[in-house]
$ cat data_26.cif   # mmCIF, C-alpha atoms
data_work
loop_
_atom_site.group_PDB
_atom_site.id
_atom_site.type_symbol
_atom_site.label_atom_id
_atom_site.label_comp_id
_atom_site.auth_asym_id
_atom_site.auth_seq_id
_atom_site.Cartn_x
_atom_site.Cartn_y
_atom_site.Cartn_z
ATOM 1 C CA MET U 1 -23.718 -1.265 108.333
ATOM 2 C CA ALA U 2 -23.238 -4.566 106.495
ATOM 3 C CA ALA U 3 -20.860 -7.135 107.924
ATOM 4 C CA ILE U 4 -17.980 -8.215 105.731
ATOM 5 C CA ARG U 5 -17.907 -11.995 105.495
ATOM 6 C CA GLY U 6 -14.675 -13.945 105.434
ATOM 7 C CA LEU U 7 -12.810 -11.851 108.014
ATOM 8 C CA VAL U 8 -10.997 -13.757 110.745
ATOM 9 C CA SER U 9 -8.703 -12.977 113.657
ATOM 10 C CA GLU U 10 -4.929 -13.300 113.417
ATOM 11 C CA LYS U 11 -5.030 -16.575 115.339
ATOM 12 C CA ASP U 12 -7.611 -18.089 112.998
ATOM 13 C CA ALA U 13 -5.763 -16.843 109.899
ATOM 14 C CA ALA U 14 -2.518 -18.351 111.210
ATOM 15 C CA TYR U 15 -4.183 -21.733 111.796
ATOM 16 C CA TYR U 16 -5.848 -21.708 108.357
ATOM 17 C CA ALA U 17 -2.559 -20.898 106.591
ATOM 18 C CA GLY U 18 -0.423 -23.102 108.848
ATOM 19 C CA ARG U 19 1.872 -20.176 109.585
ATOM 20 C CA PRO U 20 2.734 -18.223 112.751
ATOM 21 C CA GLY U 21 0.822 -15.040 113.563
ATOM 22 C CA VAL U 22 3.894 -12.898 112.966
ATOM 23 C CA THR U 23 3.935 -14.124 109.359
ATOM 24 C CA ILE U 24 0.308 -13.086 108.896
ATOM 25 C CA ARG U 25 1.147 -9.615 110.226
ATOM 26 C CA ARG U 26 4.212 -9.390 107.926
ATOM 27 C CA TRP U 27 2.149 -10.389 104.890
ATOM 28 C CA ALA U 28 -0.336 -7.634 105.727
ATOM 29 C CA HIS U 29 2.496 -5.130 106.109
ATOM 30 C CA GLU U 30 3.961 -6.169 102.734
ATOM 31 C CA GLY U 31 0.540 -5.779 101.093
ATOM 32 C CA ARG U 32 0.087 -9.470 100.292
ATOM 33 C CA ILE U 33 -3.208 -9.607 102.235
ATOM 34 C CA HIS U 34 -5.607 -6.947 103.463
ATOM 35 C CA ARG U 35 -5.913 -5.920 107.079
ATOM 36 C CA TYR U 36 -9.161 -4.557 108.441
ATOM 37 C CA GLY U 37 -9.562 -2.674 111.711
ATOM 38 C CA ALA U 38 -7.043 -1.256 114.150
ATOM 39 C CA GLY U 39 -5.999 -1.849 117.707
ATOM 40 C CA ARG U 40 -5.135 -4.900 119.708
ATOM 41 C CA GLY U 41 -7.689 -7.651 119.223
ATOM 42 C CA ASN U 42 -9.698 -5.699 116.649
ATOM 43 C CA VAL U 43 -7.693 -6.517 113.508
ATOM 44 C CA ARG U 44 -9.172 -8.969 111.012
ATOM 45 C CA TYR U 45 -7.753 -10.555 107.860
ATOM 46 C CA SER U 46 -9.546 -11.817 104.760
ATOM 47 C CA ILE U 47 -9.552 -15.620 104.713
ATOM 48 C CA PHE U 48 -10.076 -15.582 100.939
ATOM 49 C CA GLU U 49 -6.598 -14.123 100.362
ATOM 50 C CA LEU U 50 -4.826 -16.945 102.202
ATOM 51 C CA ASN U 51 -3.792 -20.337 100.861
ATOM 52 C CA LYS U 52 -5.080 -23.193 102.991
ATOM 53 C CA ALA U 53 -2.614 -25.449 104.800
ATOM 54 C CA VAL U 54 -2.743 -29.217 104.321
ATOM 55 C CA ARG U 55 -3.542 -30.981 107.590
ATOM 56 C CA ASP U 56 -3.915 -34.618 108.616
ATOM 57 C CA GLU U 57 -7.513 -35.782 108.331
ATOM 58 C CA TRP U 58 -7.627 -37.384 111.788
ATOM 59 C CA THR U 59 -5.197 -35.478 113.998
ATOM 60 C CA ARG U 60 -5.337 -32.051 112.279
ATOM 61 C CA ALA U 61 -1.515 -32.010 112.484
ATOM 62 C CA LEU U 62 0.127 -29.697 109.964
ATOM 63 C CA ILE U 63 1.505 -31.498 106.907
ATOM 64 C CA THR U 64 2.242 -28.603 104.537
ATOM 65 C CA PRO U 65 1.718 -24.888 105.251
ATOM 66 C CA GLY U 66 -0.121 -22.791 102.693
ATOM 67 C CA GLU U 67 1.953 -20.910 100.140
ATOM 68 C CA ALA U 68 2.612 -17.221 100.624
ATOM 69 C CA PRO U 69 0.301 -14.915 98.667
ATOM 70 C CA PRO U 70 2.046 -13.067 95.830
ATOM 71 C CA LEU U 71 3.534 -9.644 96.373
ATOM 72 C CA PRO U 72 1.478 -6.800 94.919
ATOM 73 C CA GLU U 73 2.661 -5.339 91.650
ATOM 74 C CA VAL U 74 4.411 -2.028 92.153
ATOM 75 C CA ALA U 75 4.631 0.620 89.452
ATOM 76 C CA GLU U 76 8.197 1.510 88.503
ATOM 77 C CA ALA U 77 9.432 5.008 89.259
ATOM 78 C CA ALA U 78 9.745 7.330 86.258
#

$ encode --input "data_26.cif" --output "structure tokens"
Amino acid sequence: MAAIRGLVSEKDAAYYAGRPGVTIRRWAHEGRIHRYGAGRGNVRYSIFELNKAVRDEWTRALITPGEAPPLPEVAEAA
């Protein structure tokens, strides 16, 4: 079984995006990003679907959080 590269934990995804973990979970629920795995501690998110936060070069303090990924396009009902 090949490993999928670019998958990170909720904590790592939250740090990368500069957003709280609950926001990462909400984005996955809304379909903005993909969620892989199930169960506590086993869920991973694709880092390539997140926008990187801007952080201070020396202190790593958050300057600007990453923008929210776009909502998926939904087909209109007939």

$ atom_distance --input "data_26.cif" --atom1 "atom CA of Glu49 of chain U" --atom2 "atom CA of His34 of chain U"
7.9 Å

$ atom_distance --input "data_26.cif" --atom1 "atom CA of Arg60 of chain U" --atom2 "atom CA of Tyr15 of chain U"
10.4 Å

$ closest_residue --input "data_26.cif" --among "U:Leu71, U:Ala13, U:Leu62, U:Val8" --to "His29 of chain U" --atoms "only C-alpha atoms"
U:Leu71

$ residues_around --input "data_26.cif" --residues "Val54 of chain U" --least-positions-apart "6" --cutoff "7 Å" --atoms "only C-alpha atoms" --output "ChimeraX atom specification"
/U:62-65

$ resolve_selection --input "data_26.cif" --expression "the PyMOL selection byres ((chain U and resi 23) around 12)" --output "count of residues only"
26

$ atom_distance --input "data_26.cif" --atom1 "atom CA of Gly41 of chain U" --atom2 "atom CA of Asp12 of chain U"
12.2 Å

$ residues_around --input "data_26.cif" --residues "Arg40 of chain U" --least-positions-apart "4" --cutoff "12 Å" --atoms "only C-alpha atoms" --output "ChimeraX atom specification"
/U:9-10,36,44

$ residues_around --input "data_26.cif" --residues "Gly6 of chain U" --least-positions-apart "2" --cutoff "7 Å" --atoms "all atoms listed in the file" --output "list in words"
Ile4, Val8, Ser46, Ile47 and Phe48 of chain U

$ closest_residue --input "data_26.cif" --among "U:Gly37, U:Gly31, U:Arg5, U:Pro70" --to "Asn51 of chain U" --atoms "only C-alpha atoms"
U:Pro70

$ axis_aligned_box --input "data_26.cif" --around "segment 17-36 of chain U" --padding-each-side "3 Å" --output "JSON"
{"center_x": -2.5, "center_y": -13.8, "center_z": 106.9, "size_x": 19.4, "size_y": 24.5, "size_z": 19.3}

$ build_atoms --input "data_26.cif" --residues "segment 1-22 of chain U" --atoms "N, CA, C and O atoms" --output "PDB file, in the coordinates of the input"
ATOM      1  N   MET U   1     -25.040  -0.948 108.825  1.00  0.00           N
ATOM      2  CA  MET U   1     -23.718  -1.265 108.333  1.00  0.00           C
ATOM      3  C   MET U   1     -23.655  -2.770 108.070  1.00  0.00           C
ATOM      4  O   MET U   1     -23.933  -3.580 108.949  1.00  0.00           O
ATOM      5  N   ALA U   2     -23.297  -3.154 106.871  1.00  0.00           N
ATOM      6  CA  ALA U   2     -23.238  -4.566 106.495  1.00  0.00           C
ATOM      7  C   ALA U   2     -21.948  -5.196 106.992  1.00  0.00           C
ATOM      8  O   ALA U   2     -20.887  -4.576 106.954  1.00  0.00           O
ATOM      9  N   ALA U   3     -22.047  -6.408 107.466  1.00  0.00           N
ATOM     10  CA  ALA U   3     -20.860  -7.135 107.924  1.00  0.00           C
ATOM     11  C   ALA U   3     -20.120  -7.709 106.723  1.00  0.00           C
ATOM     12  O   ALA U   3     -20.722  -8.154 105.756  1.00  0.00           O
ATOM     13  N   ILE U   4     -18.808  -7.655 106.789  1.00  0.00           N
ATOM     14  CA  ILE U   4     -17.980  -8.215 105.731  1.00  0.00           C
ATOM     15  C   ILE U   4     -17.708  -9.672 106.082  1.00  0.00           C
ATOM     16  O   ILE U   4     -17.153  -9.973 107.132  1.00  0.00           O
ATOM     17  N   ARG U   5     -18.105 -10.567 105.240  1.00  0.00           N
ATOM     18  CA  ARG U   5     -17.907 -11.995 105.495  1.00  0.00           C
ATOM     19  C   ARG U   5     -16.488 -12.399 105.101  1.00  0.00           C
ATOM     20  O   ARG U   5     -15.881 -11.801 104.240  1.00  0.00           O
ATOM     21  N   GLY U   6     -15.992 -13.425 105.772  1.00  0.00           N
ATOM     22  CA  GLY U   6     -14.675 -13.945 105.434  1.00  0.00           C
ATOM     23  C   GLY U   6     -13.543 -13.293 106.199  1.00  0.00           C
ATOM     24  O   GLY U   6     -12.385 -13.525 105.879  1.00  0.00           O
ATOM     25  N   LEU U   7     -13.849 -12.480 107.212  1.00  0.00           N
ATOM     26  CA  LEU U   7     -12.810 -11.851 108.014  1.00  0.00           C
ATOM     27  C   LEU U   7     -12.600 -12.659 109.283  1.00  0.00           C
ATOM     28  O   LEU U   7     -13.553 -13.028 109.958  1.00  0.00           O
ATOM     29  N   VAL U   8     -11.333 -12.949 109.580  1.00  0.00           N
ATOM     30  CA  VAL U   8     -10.997 -13.757 110.745  1.00  0.00           C
ATOM     31  C   VAL U   8      -9.897 -13.079 111.554  1.00  0.00           C
ATOM     32  O   VAL U   8      -9.194 -12.204 111.060  1.00  0.00           O
ATOM     33  N   SER U   9      -9.750 -13.515 112.790  1.00  0.00           N
ATOM     34  CA  SER U   9      -8.703 -12.977 113.657  1.00  0.00           C
ATOM     35  C   SER U   9      -7.338 -13.473 113.185  1.00  0.00           C
ATOM     36  O   SER U   9      -7.234 -14.387 112.364  1.00  0.00           O
ATOM     37  N   GLU U  10      -6.296 -12.897 113.747  1.00  0.00           N
ATOM     38  CA  GLU U  10      -4.929 -13.300 113.417  1.00  0.00           C
ATOM     39  C   GLU U  10      -4.698 -14.767 113.759  1.00  0.00           C
ATOM     40  O   GLU U  10      -4.093 -15.516 112.987  1.00  0.00           O
ATOM     41  N   LYS U  11      -5.203 -15.189 114.896  1.00  0.00           N
ATOM     42  CA  LYS U  11      -5.030 -16.575 115.339  1.00  0.00           C
ATOM     43  C   LYS U  11      -5.692 -17.546 114.365  1.00  0.00           C
ATOM     44  O   LYS U  11      -5.107 -18.569 113.994  1.00  0.00           O
ATOM     45  N   ASP U  12      -6.909 -17.231 113.933  1.00  0.00           N
ATOM     46  CA  ASP U  12      -7.611 -18.089 112.998  1.00  0.00           C
ATOM     47  C   ASP U  12      -6.945 -18.089 111.618  1.00  0.00           C
ATOM     48  O   ASP U  12      -6.865 -19.125 110.958  1.00  0.00           O
ATOM     49  N   ALA U  13      -6.467 -16.929 111.183  1.00  0.00           N
ATOM     50  CA  ALA U  13      -5.763 -16.843 109.899  1.00  0.00           C
ATOM     51  C   ALA U  13      -4.467 -17.649 109.940  1.00  0.00           C
ATOM     52  O   ALA U  13      -4.121 -18.330 108.972  1.00  0.00           O
ATOM     53  N   ALA U  14      -3.765 -17.599 111.065  1.00  0.00           N
ATOM     54  CA  ALA U  14      -2.518 -18.351 111.210  1.00  0.00           C
ATOM     55  C   ALA U  14      -2.781 -19.852 111.167  1.00  0.00           C
ATOM     56  O   ALA U  14      -2.040 -20.606 110.525  1.00  0.00           O
ATOM     57  N   TYR U  15      -3.836 -20.310 111.818  1.00  0.00           N
ATOM     58  CA  TYR U  15      -4.183 -21.733 111.796  1.00  0.00           C
ATOM     59  C   TYR U  15      -4.566 -22.167 110.380  1.00  0.00           C
ATOM     60  O   TYR U  15      -4.123 -23.201 109.900  1.00  0.00           O
ATOM     61  N   TYR U  16      -5.385 -21.382 109.711  1.00  0.00           N
ATOM     62  CA  TYR U  16      -5.848 -21.708 108.357  1.00  0.00           C
ATOM     63  C   TYR U  16      -4.668 -21.829 107.392  1.00  0.00           C
ATOM     64  O   TYR U  16      -4.616 -22.745 106.575  1.00  0.00           O
ATOM     65  N   ALA U  17      -3.705 -20.901 107.496  1.00  0.00           N
ATOM     66  CA  ALA U  17      -2.559 -20.898 106.591  1.00  0.00           C
ATOM     67  C   ALA U  17      -1.434 -21.815 107.067  1.00  0.00           C
ATOM     68  O   ALA U  17      -0.506 -22.088 106.311  1.00  0.00           O
ATOM     69  N   GLY U  18      -1.485 -22.261 108.320  1.00  0.00           N
ATOM     70  CA  GLY U  18      -0.423 -23.102 108.848  1.00  0.00           C
ATOM     71  C   GLY U  18       0.861 -22.331 109.081  1.00  0.00           C
ATOM     72  O   GLY U  18       1.961 -22.881 108.993  1.00  0.00           O
ATOM     73  N   ARG U  19       0.733 -21.066 109.365  1.00  0.00           N
ATOM     74  CA  ARG U  19       1.872 -20.176 109.585  1.00  0.00           C
ATOM     75  C   ARG U  19       1.724 -19.474 110.929  1.00  0.00           C
ATOM     76  O   ARG U  19       0.627 -19.355 111.455  1.00  0.00           O
ATOM     77  N   PRO U  20       2.851 -18.971 111.495  1.00  0.00           N
ATOM     78  CA  PRO U  20       2.734 -18.223 112.751  1.00  0.00           C
ATOM     79  C   PRO U  20       2.042 -16.865 112.542  1.00  0.00           C
ATOM     80  O   PRO U  20       2.021 -16.325 111.437  1.00  0.00           O
ATOM     81  N   GLY U  21       1.510 -16.325 113.628  1.00  0.00           N
ATOM     82  CA  GLY U  21       0.822 -15.040 113.563  1.00  0.00           C
ATOM     83  C   GLY U  21       1.702 -13.908 113.072  1.00  0.00           C
ATOM     84  O   GLY U  21       1.240 -13.014 112.371  1.00  0.00           O
ATOM     85  N   VAL U  22       2.981 -13.949 113.409  1.00  0.00           N
ATOM     86  CA  VAL U  22       3.894 -12.898 112.966  1.00  0.00           C
ATOM     87  C   VAL U  22       4.015 -12.894 111.440  1.00  0.00           C
ATOM     88  O   VAL U  22       4.185 -11.839 110.824  1.00  0.00           O
TER      89      VAL U  22
END
